[in-house]
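S.K.: You'll find protein-v9.pdb just under this line, and it carries PDB, C-alpha atoms.
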```
ATOM      1  CA  MET A   7    -158.922 127.587  52.525
ATOM      2  CA  PHE A   8    -157.071 129.257  49.659
ATOM      3  CA  PHE A   9    -158.563 128.515  46.219
ATOM      4  CA  GLY A  10    -159.981 125.335  47.732
ATOM      5  CA  ILE A  11    -156.638 124.218  49.198
ATOM      6  CA  ASP A  12    -155.858 124.263  52.903
ATOM      7  CA  PRO A  13    -152.670 126.356  53.482
ATOM      8  CA  LEU A  14    -151.735 124.048  56.359
ATOM      9  CA  TYR A  15    -151.744 121.110  53.940
ATOM     10  CA  LEU A  16    -149.464 122.987  51.552
ATOM     11  CA  LEU A  17    -147.173 123.974  54.419
ATOM     12  CA  LEU A  18    -146.804 120.419  55.713
ATOM     13  CA  VAL A  19    -147.062 118.230  52.627
ATOM     14  CA  GLY A  20    -145.796 120.607  49.947
ATOM     15  CA  PRO A  21    -142.060 120.200  50.719
ATOM     16  CA  THR A  22    -142.261 116.403  50.808
ATOM     17  CA  MET A  23    -144.162 116.333  47.516
ATOM     18  CA  LEU A  24    -141.366 118.367  45.960
ATOM     19  CA  LEU A  25    -138.889 115.888  47.443
ATOM     20  CA  SER A  26    -140.861 113.032  45.858
ATOM     21  CA  LEU A  27    -140.750 114.716  42.454
ATOM     22  CA  TRP A  28    -137.009 115.287  42.811
ATOM     23  CA  ALA A  29    -136.420 111.666  43.864
ATOM     24  CA  SER A  30    -138.495 110.334  40.958
ATOM     25  CA  PHE A  31    -136.569 112.493  38.506
ATOM     26  CA  ARG A  32    -133.252 111.458  40.026
ATOM     27  CA  VAL A  33    -133.905 107.707  39.815
ATOM     28  CA  LYS A  34    -135.169 107.903  36.236
ATOM     29  CA  ASN A  35    -132.216 110.058  35.268
ATOM     30  CA  ALA A  36    -129.692 107.721  36.929
ATOM     31  CA  PHE A  37    -131.251 104.597  35.426
ATOM     32  CA  GLY A  38    -131.515 106.185  31.998
ATOM     33  CA  ARG A  39    -127.923 107.398  32.138
ATOM     34  CA  TRP A  40    -126.365 104.026  32.967
ATOM     35  CA  GLN A  41    -128.786 102.049  30.839
ATOM     36  CA  GLY A  42    -126.665 103.116  27.894
ATOM     37  CA  TYR A  43    -123.468 101.479  29.224
ATOM     38  CA  GLN A  44    -122.899  97.745  28.964
ATOM     39  CA  ASN A  45    -121.654  95.995  32.092
ATOM     40  CA  SER A  46    -118.193  94.448  31.919
ATOM     41  CA  GLN A  47    -119.539  90.872  32.022
ATOM     42  CA  GLY A  48    -121.997  91.399  29.190
ATOM     43  CA  MET A  49    -124.687  89.727  31.279
ATOM     44  CA  THR A  50    -128.390  90.535  31.119
ATOM     45  CA  GLY A  51    -130.278  91.543  34.229
ATOM     46  CA  SER A  52    -131.911  88.116  34.399
ATOM     47  CA  GLN A  53    -128.512  86.408  34.168
ATOM     48  CA  VAL A  54    -127.100  88.583  36.941
ATOM     49  CA  ALA A  55    -130.075  87.769  39.152
ATOM     50  CA  ARG A  56    -129.816  84.050  38.375
ATOM     51  CA  ARG A  57    -126.104  83.934  39.184
ATOM     52  CA  ILE A  58    -126.599  85.730  42.520
ATOM     53  CA  LEU A  59    -129.541  83.503  43.467
ATOM     54  CA  ASP A  60    -127.688  80.286  42.627
ATOM     55  CA  ARG A  61    -124.644  81.528  44.536
ATOM     56  CA  ALA A  62    -126.881  82.093  47.582
ATOM     57  CA  GLY A  63    -128.427  78.622  47.308
ATOM     58  CA  LEU A  64    -131.721  79.941  45.978
ATOM     59  CA  SER A  65    -132.124  77.814  42.878
ATOM     60  CA  ASN A  66    -135.802  77.426  43.807
ATOM     61  CA  VAL A  67    -136.452  81.140  43.175
ATOM     62  CA  ARG A  68    -137.744  81.788  39.668
ATOM     63  CA  VAL A  69    -136.740  84.802  37.592
ATOM     64  CA  GLU A  70    -139.539  86.094  35.388
ATOM     65  CA  ARG A  71    -140.184  89.041  33.106
ATOM     66  CA  VAL A  72    -142.875  91.572  34.074
ATOM     67  CA  PRO A  73    -144.193  94.341  31.784
ATOM     68  CA  GLY A  74    -143.266  97.978  32.337
ATOM     69  CA  GLN A  75    -140.236  99.974  33.367
ATOM     70  CA  LEU A  76    -138.836  99.935  36.921
ATOM     71  CA  THR A  77    -141.601  97.498  37.916
ATOM     72  CA  ASP A  78    -138.976  95.092  39.272
ATOM     73  CA  HIS A  79    -139.860  93.331  42.515
ATOM     74  CA  TYR A  80    -139.474  90.135  44.516
ATOM     75  CA  ASP A  81    -142.566  88.204  45.610
ATOM     76  CA  PRO A  82    -141.787  86.270  48.815
ATOM     77  CA  ARG A  83    -145.089  84.387  48.629
ATOM     78  CA  SER A  84    -144.382  82.665  45.315
ATOM     79  CA  LYS A  85    -140.569  82.869  45.615
ATOM     80  CA  THR A  86    -140.421  84.713  42.313
ATOM     81  CA  LEU A  87    -138.106  87.527  41.270
ATOM     82  CA  ARG A  88    -139.749  89.622  38.573
ATOM     83  CA  LEU A  89    -137.705  91.938  36.366
ATOM     84  CA  SER A  90    -139.149  94.614  34.116
ATOM     85  CA  ASP A  91    -138.653  94.740  30.353
ATOM     86  CA  ALA A  92    -135.958  97.394  30.887
ATOM     87  CA  THR A  93    -133.981  95.050  33.153
ATOM     88  CA  PHE A  94    -134.664  91.430  32.203
ATOM     89  CA  SER A  95    -132.844  91.222  28.851
ATOM     90  CA  ASP A  96    -130.696  94.362  29.068
ATOM     91  CA  VAL A  97    -126.911  94.101  29.496
ATOM     92  CA  SER A  98    -126.467  97.583  30.951
ATOM     93  CA  ILE A  99    -124.836  98.550  34.236
ATOM     94  CA  ALA A 100    -128.209  99.890  35.434
ATOM     95  CA  ALA A 101    -129.946  96.574  34.743
ATOM     96  CA  ALA A 102    -127.255  94.667  36.656
ATOM     97  CA  GLY A 103    -127.663  96.946  39.670
ATOM     98  CA  VAL A 104    -131.446  96.661  39.752
ATOM     99  CA  ALA A 105    -131.322  92.872  39.295
ATOM    100  CA  ALA A 106    -128.807  92.552  42.137
ATOM    101  CA  HIS A 107    -131.044  94.690  44.366
ATOM    102  CA  GLU A 108    -134.056  92.440  43.788
ATOM    103  CA  ALA A 109    -131.905  89.375  44.400
ATOM    104  CA  GLY A 110    -131.003  91.045  47.681
ATOM    105  CA  HIS A 111    -134.678  90.838  48.661
ATOM    106  CA  ALA A 112    -134.695  87.106  47.918
ATOM    107  CA  ILE A 113    -131.675  86.683  50.195
ATOM    108  CA  GLN A 114    -133.472  88.699  52.888
ATOM    109  CA  ASP A 115    -136.322  86.215  52.602
ATOM    110  CA  LYS A 116    -133.953  83.264  52.920
ATOM    111  CA  VAL A 117    -132.261  84.599  56.066
ATOM    112  CA  GLN A 118    -135.641  85.687  57.450
ATOM    113  CA  TYR A 119    -134.803  89.372  57.668
ATOM    114  CA  PRO A 120    -137.384  90.516  60.280
ATOM    115  CA  LEU A 121    -138.534  93.734  58.631
ATOM    116  CA  LEU A 122    -139.166  92.006  55.302
ATOM    117  CA  GLY A 123    -141.337  89.453  57.092
ATOM    118  CA  PHE A 124    -143.237  92.208  58.896
ATOM    119  CA  ARG A 125    -143.759  94.142  55.660
ATOM    120  CA  SER A 126    -145.051  91.021  53.916
ATOM    121  CA  ALA A 127    -147.417  90.365  56.824
ATOM    122  CA  ILE A 128    -149.089  93.776  56.576
ATOM    123  CA  VAL A 129    -149.055  94.240  52.797
ATOM    124  CA  GLY A 130    -152.696  93.125  52.551
ATOM    125  CA  MET A 131    -153.827  95.554  55.246
ATOM    126  CA  ALA A 132    -151.784  98.349  53.669
ATOM    127  CA  SER A 133    -153.357  97.676  50.282
ATOM    128  CA  PHE A 134    -156.842  97.836  51.781
ATOM    129  CA  GLY A 135    -155.913 100.909  53.804
ATOM    130  CA  SER A 136    -154.669 102.807  50.758
ATOM    131  CA  LYS A 137    -158.025 102.245  49.049
ATOM    132  CA  ALA A 138    -160.325 102.822  52.012
ATOM    133  CA  SER A 139    -158.526 105.585  53.893
ATOM    134  CA  TRP A 140    -159.116 108.483  51.513
ATOM    135  CA  LEU A 141    -162.748 107.529  50.949
ATOM    136  CA  LEU A 142    -163.411 107.439  54.687
ATOM    137  CA  ILE A 143    -161.401 110.580  55.453
ATOM    138  CA  MET A 144    -162.947 112.688  52.706
ATOM    139  CA  GLY A 145    -166.396 111.322  53.484
ATOM    140  CA  GLY A 146    -165.924 112.125  57.150
ATOM    141  CA  PHE A 147    -164.747 115.680  56.491
ATOM    142  CA  PHE A 148    -167.666 116.179  54.087
ATOM    143  CA  LEU A 149    -170.160 115.162  56.788
ATOM    144  CA  MET A 150    -168.438 117.402  59.339
ATOM    145  CA  MET A 151    -168.428 120.443  57.031
ATOM    146  CA  PHE A 152    -171.948 120.228  55.614
ATOM    147  CA  THR A 153    -173.965 118.491  58.305
ATOM    148  CA  GLY A 154    -172.002 119.140  61.496
ATOM    149  CA  SER A 155    -172.522 115.488  62.320
ATOM    150  CA  VAL A 156    -170.380 113.944  65.051
ATOM    151  CA  LEU A 157    -170.551 110.762  62.992
ATOM    152  CA  GLY A 158    -168.412 112.475  60.384
ATOM    153  CA  LYS A 159    -165.520 112.801  62.800
ATOM    154  CA  TYR A 160    -165.661 109.114  63.665
ATOM    155  CA  VAL A 161    -165.758 108.171  59.979
ATOM    156  CA  ALA A 162    -162.698 110.362  59.359
ATOM    157  CA  ILE A 163    -160.889 108.824  62.337
ATOM    158  CA  ALA A 164    -161.580 105.359  60.910
ATOM    159  CA  GLY A 165    -159.988 106.548  57.670
ATOM    160  CA  VAL A 166    -156.971 107.891  59.551
ATOM    161  CA  LEU A 167    -156.515 104.520  61.262
ATOM    162  CA  CYS A 168    -156.504 102.837  57.836
ATOM    163  CA  PHE A 169    -154.026 105.416  56.577
ATOM    164  CA  THR A 170    -151.797 104.794  59.596
ATOM    165  CA  VAL A 171    -151.276 101.219  58.415
ATOM    166  CA  VAL A 172    -150.178 102.574  55.032
ATOM    167  CA  VAL A 173    -147.684 104.906  56.719
ATOM    168  CA  VAL A 174    -146.281 102.069  58.844
ATOM    169  CA  PHE A 175    -145.822 100.039  55.658
ATOM    170  CA  GLN A 176    -143.981 102.946  54.015
ATOM    171  CA  LEU A 177    -141.735 103.457  57.037
ATOM    172  CA  VAL A 178    -140.805  99.765  57.189
ATOM    173  CA  THR A 179    -140.109  99.760  53.452
ATOM    174  CA  VAL A 180    -137.249 102.271  53.819
ATOM    175  CA  PRO A 181    -134.843 100.053  55.845
ATOM    176  CA  VAL A 182    -135.901  96.976  53.847
ATOM    177  CA  GLU A 183    -134.938  98.629  50.566
ATOM    178  CA  ILE A 184    -131.720 100.147  51.916
ATOM    179  CA  ASN A 185    -130.677  96.766  53.312
ATOM    180  CA  ALA A 186    -131.379  95.058  49.977
ATOM    181  CA  SER A 187    -129.244  97.657  48.187
ATOM    182  CA  SER A 188    -126.402  97.145  50.671
ATOM    183  CA  ARG A 189    -126.556  93.399  50.055
ATOM    184  CA  ALA A 190    -126.527  93.966  46.289
ATOM    185  CA  LYS A 191    -123.455  96.203  46.425
ATOM    186  CA  ARG A 192    -121.583  93.763  48.665
ATOM    187  CA  ILE A 193    -122.462  90.735  46.530
ATOM    188  CA  LEU A 194    -121.334  92.402  43.313
ATOM    189  CA  ARG A 195    -118.013  93.260  44.962
ATOM    190  CA  GLU A 196    -117.553  89.717  46.265
ATOM    191  CA  MET A 197    -118.288  88.319  42.809
ATOM    192  CA  GLN A 198    -115.746  90.769  41.381
ATOM    193  CA  PHE A 199    -118.485  91.645  38.953
ATOM    194  CA  ALA A 200    -117.916  95.379  38.733
ATOM    195  CA  GLY A 201    -114.927  97.666  38.459
ATOM    196  CA  GLN A 202    -114.684 101.075  40.079
ATOM    197  CA  ARG A 203    -116.723 102.807  37.388
ATOM    198  CA  GLU A 204    -119.466 100.201  37.503
ATOM    199  CA  THR A 205    -119.495 100.260  41.294
ATOM    200  CA  GLU A 206    -120.019 104.022  41.249
ATOM    201  CA  ALA A 207    -122.779 103.632  38.657
ATOM    202  CA  VAL A 208    -124.597 100.937  40.652
ATOM    203  CA  ASN A 209    -124.313 103.064  43.793
ATOM    204  CA  GLU A 210    -125.793 106.040  41.951
ATOM    205  CA  VAL A 211    -128.775 104.045  40.660
ATOM    206  CA  LEU A 212    -129.543 102.303  43.961
ATOM    207  CA  ASN A 213    -128.993 105.399  46.111
ATOM    208  CA  ALA A 214    -131.344 107.363  43.870
ATOM    209  CA  ALA A 215    -133.967 104.625  44.188
ATOM    210  CA  ALA A 216    -133.643 104.718  47.985
ATOM    211  CA  TRP A 217    -134.624 108.385  48.003
ATOM    212  CA  THR A 218    -137.990 107.546  46.422
ATOM    213  CA  TYR A 219    -138.849 105.364  49.424
ATOM    214  CA  VAL A 220    -137.645 107.992  51.875
ATOM    215  CA  ALA A 221    -139.725 110.662  50.147
ATOM    216  CA  ALA A 222    -142.831 108.451  50.119
ATOM    217  CA  ALA A 223    -142.460 107.701  53.831
ATOM    218  CA  LEU A 224    -141.989 111.377  54.732
ATOM    219  CA  THR A 225    -145.020 112.358  52.649
ATOM    220  CA  GLY A 226    -147.084 109.715  54.422
ATOM    221  CA  VAL A 227    -145.977 110.861  57.876
ATOM    222  CA  VAL A 228    -146.703 114.555  57.324
ATOM    223  CA  THR A 229    -150.028 113.766  55.640
ATOM    224  CA  LEU A 230    -151.012 111.711  58.672
ATOM    225  CA  LEU A 231    -149.926 114.613  60.898
ATOM    226  CA  TYR A 232    -152.130 116.971  58.880
ATOM    227  CA  PHE A 233    -155.201 114.767  59.325
ATOM    228  CA  LEU A 234    -154.566 114.422  63.060
ATOM    229  CA  LEU A 235    -154.278 118.194  63.396
ATOM    230  CA  ARG A 236    -157.414 118.910  61.386
ATOM    231  CA  LEU A 237    -159.388 116.378  63.412
ATOM    232  CA  GLY A 238    -158.253 118.077  66.617
ATOM    233  CA  LEU A 239    -156.510 114.931  67.843
ATOM    234  CA  LEU A 240    -153.267 116.824  68.449
ATOM    235  CA  GLY A 241    -154.818 119.958  69.891
ATOM    236  CA  ARG A 242    -157.238 122.521  68.483
ATOM    237  CA  ASP A 243    -158.003 122.091  64.763
ATOM    238  CA  ASP A 244    -157.496 125.836  64.125
TER
END
```
Could you write out this file's structure as structure tokens?

M.R.:
Amino acid sequence: MFFGIDPLYLLLVGPTMLLSLWASFRVKNAFGRWQGYQNSQGMTGSQVARRILDRAGLSNVRVERVPGQLTDHYDPRSKTLRLSDATFSDVSIAAAGVAAHEAGHAIQDKVQYPLLGFRSAIVGMASFGSKASWLLIMGGFFLMMFTGSVLGKYVAIAGVLCFTVVVVFQLVTVPVEINASSRAKRILREMQFAGQRETEAVNEVLNAAAWTYVAAALTGVVTLLYFLLRLGLLGRDD
């Protein structure tokens, strides 16, 4: 331990945490940059989403406003596409790109894109795992360090199993999000919605967003690797 921090943790997780910070900065920068430019159709994010949904035969999907910034998401359970304040009523190029991306998720749901269905099926377990895993892992390591109890190792392993579900969810999210972005780009082209400049802007915003999912998945994988190493499940813990 170095000032209370395990050097192995810094070695494994440190680079991916830096990648996450870079990805977060990049997506906010890209969205903020193109939020200041009106799209050529003068349509709000909600209008863009509505047009794409109706074009895909998804008139049953509602488009609603949700508080916050970049809190946009599609809920396959209620068939509702929720757009953040920064997207719903904004006529910017960035808002159009984000709205098209979320509409892409609704189309995935319609065509029964397998990975979206799998992600939806495990979202409850992943939510529980994200809450329980760290409590169990830290509690297990605490028992191992201060009591030498074998029970501690089993408690930590239970936490690692919960965390594994979270990592699987993160890994599945990457292709789901990339596929939704690909659908969004293709649909906007087919609708002749965006010119070359707008196409480049939408690509920049959506590609930047994709990196946040990649960074989160990599961080999850290496964190899981760290726990497995420290528990001696991949060889000696030293």

S.K.: Run the PyMOL selection byres ((chain A and resi 228) around 12) on the file and write out the hits as a list in words.

M.R.: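 In the shown coordinates, the PyMOL selection byres ((chain A and resi 228) around 12) covers Leu14, Tyr15, Leu16, Leu17, Leu18, Val19, Gly20, Pro21, Thr22, Met23, Phe169, Thr170, Val173, Ala221, Ala222, Ala223, Leu224, Thr225, Gly226, Val227, Thr229, Leu230, Leu231, Tyr232, Phe233, Leu234 and Leu235 of chain A.
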
S.K.: Record the distance separating atom CA of Lys159 of chain A and atom CA of Phe147 of chain A, expressed in Å with one decimal.

M.R.: 7.0 Å

S.K.: Translate the PyMOL selection byres ((chain A and resi 184-189) around 12), as applied to the file shown, into an explicit residue set as number ranges by chain.

M.R.: A: 58, 62, 79-80, 103-115, 119-122, 177-183, 190-196, 208-220

S.K.: Write the residues of the preceding selection, restricted to C-alpha atoms, as an mmCIF file, in the frame of the given file.

M.R.:
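Resulting contents of out-v2.cif:
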```
data_model
loop_
_atom_site.group_PDB
_atom_site.id
_atom_site.type_symbol
_atom_site.label_atom_id
_atom_site.label_comp_id
_atom_site.auth_asym_id
_atom_site.auth_seq_id
_atom_site.Cartn_x
_atom_site.Cartn_y
_atom_site.Cartn_z
ATOM 1 C CA ILE A 58 -126.599 85.730 42.520
ATOM 2 C CA ALA A 62 -126.881 82.093 47.582
ATOM 3 C CA HIS A 79 -139.860 93.331 42.515
ATOM 4 C CA TYR A 80 -139.474 90.135 44.516
ATOM 5 C CA GLY A 103 -127.663 96.946 39.670
ATOM 6 C CA VAL A 104 -131.446 96.661 39.752
ATOM 7 C CA ALA A 105 -131.322 92.872 39.295
ATOM 8 C CA ALA A 106 -128.807 92.552 42.137
ATOM 9 C CA HIS A 107 -131.044 94.690 44.366
ATOM 10 C CA GLU A 108 -134.056 92.440 43.788
ATOM 11 C CA ALA A 109 -131.905 89.375 44.400
ATOM 12 C CA GLY A 110 -131.003 91.045 47.681
ATOM 13 C CA HIS A 111 -134.678 90.838 48.661
ATOM 14 C CA ALA A 112 -134.695 87.106 47.918
ATOM 15 C CA ILE A 113 -131.675 86.683 50.195
ATOM 16 C CA GLN A 114 -133.472 88.699 52.888
ATOM 17 C CA ASP A 115 -136.322 86.215 52.602
ATOM 18 C CA TYR A 119 -134.803 89.372 57.668
ATOM 19 C CA PRO A 120 -137.384 90.516 60.280
ATOM 20 C CA LEU A 121 -138.534 93.734 58.631
ATOM 21 C CA LEU A 122 -139.166 92.006 55.302
ATOM 22 C CA LEU A 177 -141.735 103.457 57.037
ATOM 23 C CA VAL A 178 -140.805 99.765 57.189
ATOM 24 C CA THR A 179 -140.109 99.760 53.452
ATOM 25 C CA VAL A 180 -137.249 102.271 53.819
ATOM 26 C CA PRO A 181 -134.843 100.053 55.845
ATOM 27 C CA VAL A 182 -135.901 96.976 53.847
ATOM 28 C CA GLU A 183 -134.938 98.629 50.566
ATOM 29 C CA ALA A 190 -126.527 93.966 46.289
ATOM 30 C CA LYS A 191 -123.455 96.203 46.425
ATOM 31 C CA ARG A 192 -121.583 93.763 48.665
ATOM 32 C CA ILE A 193 -122.462 90.735 46.530
ATOM 33 C CA LEU A 194 -121.334 92.402 43.313
ATOM 34 C CA ARG A 195 -118.013 93.260 44.962
ATOM 35 C CA GLU A 196 -117.553 89.717 46.265
ATOM 36 C CA VAL A 208 -124.597 100.937 40.652
ATOM 37 C CA ASN A 209 -124.313 103.064 43.793
ATOM 38 C CA GLU A 210 -125.793 106.040 41.951
ATOM 39 C CA VAL A 211 -128.775 104.045 40.660
ATOM 40 C CA LEU A 212 -129.543 102.303 43.961
ATOM 41 C CA ASN A 213 -128.993 105.399 46.111
ATOM 42 C CA ALA A 214 -131.344 107.363 43.870
ATOM 43 C CA ALA A 215 -133.967 104.625 44.188
ATOM 44 C CA ALA A 216 -133.643 104.718 47.985
ATOM 45 C CA TRP A 217 -134.624 108.385 48.003
ATOM 46 C CA THR A 218 -137.990 107.546 46.422
ATOM 47 C CA TYR A 219 -138.849 105.364 49.424
ATOM 48 C CA VAL A 220 -137.645 107.992 51.875
#
```

S.K.: Using only C-alpha atoms, find the one residue out of A:Gln176, A:Ser139, A:Thr93, A:Gln202 that sits nearest to Gly38 of chain A.

M.R.: A:Thr93

S.K.: Nearest residue to Gln47 of chain A out of A:Gln198, A:Arg88, A:Ala164, A:Thr205, using all atoms listed in the file?

M.R.: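 Looking only at the distances to Gln47 of chain A, the closest residue turns out to be A:Gln198.
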
S.K.: Distance cut-off 12 Å, centre (-145.5, 93.9, 32.6) in file coordinates, counting all atoms listed in the file: which residues qualify? Return them as a PDB file with C-alpha atoms, in the frame of the given file.

M.R.:
```pdb
ATOM      1  CA  GLU A  70    -139.539  86.094  35.388  1.00  0.00           C
ATOM      2  CA  ARG A  71    -140.184  89.041  33.106  1.00  0.00           C
ATOM      3  CA  VAL A  72    -142.875  91.572  34.074  1.00  0.00           C
ATOM      4  CA  PRO A  73    -144.193  94.341  31.784  1.00  0.00           C
ATOM      5  CA  GLY A  74    -143.266  97.978  32.337  1.00  0.00           C
ATOM      6  CA  GLN A  75    -140.236  99.974  33.367  1.00  0.00           C
ATOM      7  CA  LEU A  76    -138.836  99.935  36.921  1.00  0.00           C
ATOM      8  CA  THR A  77    -141.601  97.498  37.916  1.00  0.00           C
ATOM      9  CA  ASP A  78    -138.976  95.092  39.272  1.00  0.00           C
ATOM     10  CA  HIS A  79    -139.860  93.331  42.515  1.00  0.00           C
ATOM     11  CA  ARG A  88    -139.749  89.622  38.573  1.00  0.00           C
ATOM     12  CA  LEU A  89    -137.705  91.938  36.366  1.00  0.00           C
ATOM     13  CA  SER A  90    -139.149  94.614  34.116  1.00  0.00           C
ATOM     14  CA  ASP A  91    -138.653  94.740  30.353  1.00  0.00           C
ATOM     15  CA  ALA A  92    -135.958  97.394  30.887  1.00  0.00           C
ATOM     16  CA  THR A  93    -133.981  95.050  33.153  1.00  0.00           C
ATOM     17  CA  PHE A  94    -134.664  91.430  32.203  1.00  0.00           C
TER      18      PHE A  94
END
```
